[in-house]
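> Please see the structure below; I have some questions.
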2 protein chains.
Amino acid sequence: MTKKADSYQRREESLSRDRIIEASLALLDESGESGLTFRALSEKLATGPGAIYWHIESKSELFTAAADAIISRATAAPLADATPEAAIRTLALGMFDAIDAHPWIGSALSRAPGRPPMVRILERMGQQVRALGVQGDAQWEAVSVLLNYILGVAGRNAANGQFGRKHELDRTDFLNTIAMEWLQLDPDAYPFTRSIAHRMRTHDDRVDFLAGIDLILKGISSTLTP
Amino acid sequence: MTKKADSYQRREESLSRDRIIEASLALLDESGESGLTFRALSEKLATGPGAIYWHIESKSELFTAAADAIISRATAAPLADATPEAAIRTLALGMFDAIDAHPWIGSALSRAPGRPPMVRILERMGQQVRALGVQGDAQWEAVSVLLNYILGVAGRNAANGQFGRKHELDRTDFLNTIAMEWLQLDPDAYPFTRSIAHRMRTHDDRVDFLAGIDLILKGISSTLTP
DNA sequence: CCATTATTGGAACGGCGTTCCACACATGTC
DNA sequence: GACATGTGTGGAACGCCGTTCCAATAATGG
């Protein structure tokens, strides 16, 4: 990687880490996780793979950096909500919307544990959990649950996005297909799954996500000794 | 795919879907997710890729089937626990242990939403949530939170496993590295992250996982109107 | 102006999932 | 027994991929 001199440009529109990340974001949003390849990137940037490797260590570093660019924007606004609970909900919803708009982020976050994109979320969530009055080791536990839950939703979203893209189904068709499969399961072995098949077809991801956050918040609150 | 005649064997030790899945499990456990390739599989089974494709539709189907084999074993034992809460904890711990023993399962589960391996878990979890006394739409919400949380942990485990394998770090070194990075963050911007860095180094995944399940269970219980 | 270093872009390597096809084998029919 | 039939097999080949290598070029410092 380069220790870039800070005063000059090789020429206008020269290659740079930022331009590469920007182009990667475009590719990822156009064609999903599998759309980010060094060949497509080379073409978009009108250069060769070798030039890209001068600025970027590996594909996984690039992928993580792209996710960090999105997360960093999504966590930029300060949380001025009245209560810590409200702030956590706002933060979580911000994550959900970012993940929903860029489904590939789910994979990126999962693969970069302890790295900048996840740490940004960890920090903001942790500050609010503290503000909530959670003490000591319970802080770690509360934040872990929240983050793991968000990661779970993120991963599922990423998978759904890829699956839908691959099979050229939109969300409705996708959900209908699954609900149909569920209804054909053995009634004796799968009573519960069958009973919620209709819910699967009609549910709203965002609403359910928030309901989950609230459920966890209730669990956290109930451990507080006021 | 074959509609296998049920009466004869082409010869002893002939290829079959089961033998392929068994060999895949061995590869996955030996070398992780990236260890499962059709070339390695061909070699292990002393055949060519074409023969495998006669029994298997694609790699992703094979990957899902391998995960289902594990999950199906892990969910085979009946849950005879005294209370639904205890049963949910047992079930969740069973999942954790399966995921811990086979970290690649995390990826597989994430990529197969609504498919057999996840449906098995969904069903068992749903039955216990019902037994808990949760009614109506709250059932869907409770199960969603639990599954998304489990998936989040699973995904993180899978990522940690891959990362560790790639960089040839064992768990301790891996955690130490992350804790070190966290401690070098800007104290003004990352106070919380720095404050839990030591906890990161010493935490027990299994204990924390169960603490998370309990937190969610508390949240679920608090919505029950007895 | 030259020597040196930073940067570029394209060729090439090994490996991947998948497809294709010529071939072997077990079977049903005479 | 001979033969047509359809089920399995295995290896070659295709078009991708991430990554490495390197000769050519552009900017800089002496």
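Ordered as shown in the structure tokens, chains take letters A, B, and onward, while each chain numbers its residues from 1 and ligands are numbered from 1 in the order shown.
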Within 7 Å of chain A, which residues of chain B show up when using only C-alpha atoms, listed as an MDAnalysis selection string?
chainID B and resid 110:111 113:114 122:123 126:127 140:141 145 148:149 151:153 155:156 159 178 190 192:193 196 208 211:212 215:216 218:220
> So that I can check the secondary structure, give me every residue of range 30-226 of chain A assigned alpha helix (DSSP H) by backbone DSSP, as a PyMOL selection string.
chain A and resi 30-31+38-45+49-55+59-74+84-101+105-111+116-131+137-167+171-183+191-195+197-202+205-222
> Dump C-alpha atoms for the selected residues as a tab-separated table (two decimals), in the first residue's frame?

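Wrote again-v6.tsv, looks like this:
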chain	number	residue	atom	x	y	z
A	30	GLU	CA	-25.63	-2.66	-9.13
A	31	SER	CA	-24.98	-6.38	-9.00
A	38	PHE	CA	-11.28	-7.12	-10.04
A	39	ARG	CA	-12.06	-7.49	-13.70
A	40	ALA	CA	-15.27	-5.49	-13.53
A	41	LEU	CA	-13.48	-3.00	-11.32
A	42	SER	CA	-10.61	-2.70	-13.80
A	43	GLU	CA	-13.02	-2.01	-16.61
A	44	LYS	CA	-14.97	0.58	-14.67
A	45	LEU	CA	-11.75	2.34	-13.73
A	49	PRO	CA	-5.89	-5.36	-11.96
A	50	GLY	CA	-2.28	-4.68	-11.12
A	51	ALA	CA	-2.89	-0.96	-10.73
A	52	ILE	CA	-5.69	-1.65	-8.26
A	53	TYR	CA	-3.46	-3.87	-6.16
A	54	TRP	CA	-1.11	-0.96	-5.72
A	55	HIS	CA	-3.74	0.78	-3.62
A	59	LYS	CA	-10.41	-8.21	-2.17
A	60	SER	CA	-11.55	-8.82	1.38
A	61	GLU	CA	-9.90	-5.62	2.54
A	62	LEU	CA	-11.68	-3.79	-0.27
A	63	PHE	CA	-14.99	-5.38	0.64
A	64	THR	CA	-14.59	-4.38	4.28
A	65	ALA	CA	-13.57	-0.86	3.31
A	66	ALA	CA	-16.65	-0.53	1.12
A	67	ALA	CA	-18.86	-1.60	4.01
A	68	ASP	CA	-17.08	0.80	6.31
A	69	ALA	CA	-17.79	3.65	3.91
A	70	ILE	CA	-21.51	2.95	4.17
A	71	ILE	CA	-21.56	2.32	7.91
A	72	SER	CA	-19.49	5.37	8.56
A	73	ARG	CA	-22.05	7.51	6.74
A	74	ALA	CA	-24.95	5.77	8.46
A	84	PRO	CA	-31.29	5.96	25.51
A	85	GLU	CA	-33.98	3.50	24.44
A	86	ALA	CA	-35.06	5.83	21.67
A	87	ALA	CA	-31.45	6.36	20.66
A	88	ILE	CA	-30.86	2.62	20.43
A	89	ARG	CA	-33.96	2.22	18.30
A	90	THR	CA	-32.84	5.04	16.03
A	91	LEU	CA	-29.39	3.59	15.72
A	92	ALA	CA	-30.69	0.11	15.03
A	93	LEU	CA	-33.13	1.38	12.43
A	94	GLY	CA	-30.32	3.29	10.78
A	95	MET	CA	-28.41	0.04	10.52
A	96	PHE	CA	-31.42	-1.77	9.16
A	97	ASP	CA	-32.00	0.82	6.48
A	98	ALA	CA	-28.36	0.79	5.46
A	99	ILE	CA	-28.41	-2.99	5.26
A	100	ASP	CA	-31.67	-2.96	3.39
A	101	ALA	CA	-30.36	-0.48	0.85
A	105	ILE	CA	-23.23	-5.27	3.77
A	106	GLY	CA	-24.52	-8.22	5.73
A	107	SER	CA	-21.76	-10.45	4.41
A	108	ALA	CA	-19.16	-7.76	4.82
A	109	LEU	CA	-20.01	-7.14	8.46
A	110	SER	CA	-20.05	-10.83	9.30
A	111	ARG	CA	-16.63	-11.32	7.80
A	116	PRO	CA	-13.77	-0.76	11.77
A	117	PRO	CA	-17.29	-1.19	10.43
A	118	MET	CA	-18.39	-3.35	13.34
A	119	VAL	CA	-16.46	-1.32	15.88
A	120	ARG	CA	-18.30	1.83	14.83
A	121	ILE	CA	-21.60	0.15	15.60
A	122	LEU	CA	-20.28	-1.44	18.78
A	123	GLU	CA	-19.13	1.92	20.10
A	124	ARG	CA	-22.36	3.78	19.47
A	125	MET	CA	-24.46	0.96	20.80
A	126	GLY	CA	-22.25	0.63	23.85
A	127	GLN	CA	-22.52	4.30	24.71
A	128	GLN	CA	-26.30	4.10	24.67
A	129	VAL	CA	-26.35	0.92	26.72
A	130	ARG	CA	-24.24	2.72	29.28
A	131	ALA	CA	-26.61	5.67	29.22
A	137	ASP	CA	-20.24	-7.01	32.63
A	138	ALA	CA	-23.91	-6.63	31.81
A	139	GLN	CA	-22.84	-3.93	29.36
A	140	TRP	CA	-20.89	-6.43	27.33
A	141	GLU	CA	-23.77	-8.89	27.40
A	142	ALA	CA	-26.36	-6.34	26.36
A	143	VAL	CA	-24.27	-5.01	23.49
A	144	SER	CA	-23.41	-8.52	22.34
A	145	VAL	CA	-27.05	-9.51	22.08
A	146	LEU	CA	-27.96	-6.38	20.20
A	147	LEU	CA	-25.08	-6.70	17.75
A	148	ASN	CA	-25.54	-10.41	17.19
A	149	TYR	CA	-29.20	-9.85	16.53
A	150	ILE	CA	-28.46	-7.08	14.04
A	151	LEU	CA	-25.82	-9.25	12.39
A	152	GLY	CA	-28.31	-12.07	12.13
A	153	VAL	CA	-30.85	-9.89	10.40
A	154	ALA	CA	-28.12	-8.45	8.21
A	155	GLY	CA	-26.95	-11.88	7.17
A	156	ARG	CA	-30.45	-13.03	6.40
A	157	ASN	CA	-31.03	-9.93	4.31
A	158	ALA	CA	-27.84	-10.54	2.41
A	159	ALA	CA	-28.83	-14.11	1.71
A	160	ASN	CA	-32.32	-13.16	0.61
A	161	GLY	CA	-30.89	-10.53	-1.69
A	162	GLN	CA	-28.49	-12.97	-3.30
A	163	PHE	CA	-31.07	-15.68	-3.57
A	164	GLY	CA	-33.59	-13.35	-5.14
A	165	ARG	CA	-31.04	-12.04	-7.58
A	166	LYS	CA	-29.93	-15.51	-8.57
A	167	HIS	CA	-33.39	-16.90	-9.10
A	171	ARG	CA	-39.45	-10.26	-2.67
A	172	THR	CA	-43.12	-11.19	-3.00
A	173	ASP	CA	-42.46	-14.21	-5.19
A	174	PHE	CA	-39.65	-15.26	-2.93
A	175	LEU	CA	-41.81	-15.17	0.19
A	176	ASN	CA	-44.68	-16.87	-1.58
A	177	THR	CA	-42.42	-19.68	-2.69
A	178	ILE	CA	-41.19	-20.29	0.83
A	179	ALA	CA	-44.67	-20.08	2.31
A	180	MET	CA	-45.86	-22.61	-0.25
A	181	GLU	CA	-43.07	-25.00	0.64
A	182	TRP	CA	-43.86	-24.64	4.32
A	183	LEU	CA	-47.51	-25.45	3.75
A	191	PRO	CA	-47.28	-27.79	12.94
A	192	PHE	CA	-45.68	-24.53	14.01
A	193	THR	CA	-43.97	-23.81	10.72
A	194	ARG	CA	-47.21	-24.37	8.86
A	195	SER	CA	-49.10	-22.16	11.26
A	197	ALA	CA	-46.54	-19.67	6.81
A	198	HIS	CA	-49.11	-17.00	6.13
A	199	ARG	CA	-47.29	-14.62	8.45
A	200	MET	CA	-44.12	-15.28	6.47
A	201	ARG	CA	-45.84	-14.21	3.29
A	202	THR	CA	-47.12	-10.93	4.64
A	205	ASP	CA	-39.03	-6.91	7.70
A	206	ARG	CA	-38.53	-3.45	9.10
A	207	VAL	CA	-41.41	-3.62	11.56
A	208	ASP	CA	-40.36	-7.08	12.72
A	209	PHE	CA	-36.78	-5.96	13.09
A	210	LEU	CA	-37.83	-3.14	15.37
A	211	ALA	CA	-40.10	-5.44	17.34
A	212	GLY	CA	-37.07	-7.63	17.95
A	213	ILE	CA	-35.02	-4.69	19.18
A	214	ASP	CA	-37.83	-3.77	21.54
A	215	LEU	CA	-38.03	-7.31	22.86
A	216	ILE	CA	-34.32	-7.27	23.60
A	217	LEU	CA	-34.58	-3.84	25.19
A	218	LYS	CA	-37.29	-5.18	27.46
A	219	GLY	CA	-34.97	-7.99	28.46
A	220	ILE	CA	-32.19	-5.53	29.19
A	221	SER	CA	-34.44	-3.24	31.20
A	222	SER	CA	-35.72	-6.09	33.31
> Between CA of Ala77 in chain A and CA of Leu25 in chain A, what distance in Å does the model show, to one decimal?
20.8 Å
> Near chain B, meaning an atom within 7 Å, which residues of chain D appear when counting only C-alpha atoms (C1' of nucleotides)? Write them as a list in words.
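The contacting residues on chain D are DT9, DG10 and DG11 of chain D.
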> Those same residues, written as a compact mmCIF listing (two decimals), in the first residue's frame with N, CA and C atoms (P, O5', C5', C4', C3', O3' and C1' of nucleotides)?

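Written output follows (selection-v5.txt):
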# COMPACT_ATOMS: atom_id res chain seq x y z
P DT D 9 -22.21 -43.73 -10.30
O5' DT D 9 -21.18 -43.53 -11.46
C5' DT D 9 -20.42 -44.66 -11.90
C4' DT D 9 -19.40 -44.20 -12.91
C3' DT D 9 -18.39 -43.19 -12.37
O3' DT D 9 -17.14 -43.82 -12.38
C1' DT D 9 -19.16 -42.60 -14.55
P DG D 10 -15.99 -43.28 -11.49
O5' DG D 10 -15.23 -42.35 -12.53
C5' DG D 10 -14.45 -42.96 -13.53
C4' DG D 10 -13.93 -41.89 -14.48
C3' DG D 10 -13.18 -40.75 -13.79
O3' DG D 10 -12.15 -40.35 -14.67
C1' DG D 10 -14.90 -39.86 -15.06
P DG D 11 -10.68 -40.26 -14.22
O5' DG D 11 -10.00 -39.48 -15.42
C5' DG D 11 -10.31 -39.86 -16.76
C4' DG D 11 -10.64 -38.64 -17.59
C3' DG D 11 -9.80 -37.40 -17.26
O3' DG D 11 -9.42 -36.83 -18.49
C1' DG D 11 -12.05 -36.82 -17.32
> Counting only C-alpha atoms (C1' of nucleotides), collect the residues of chain C whose closest atom lies at most 10 Å from chain A, and write them out as a PyMOL selection string.
chain C and resi 6-10
> Could you work out how far CA of Gly35 in chain A lies from CA of His102 in chain A, giving the answer in Å with one decimal?
12.7 Å
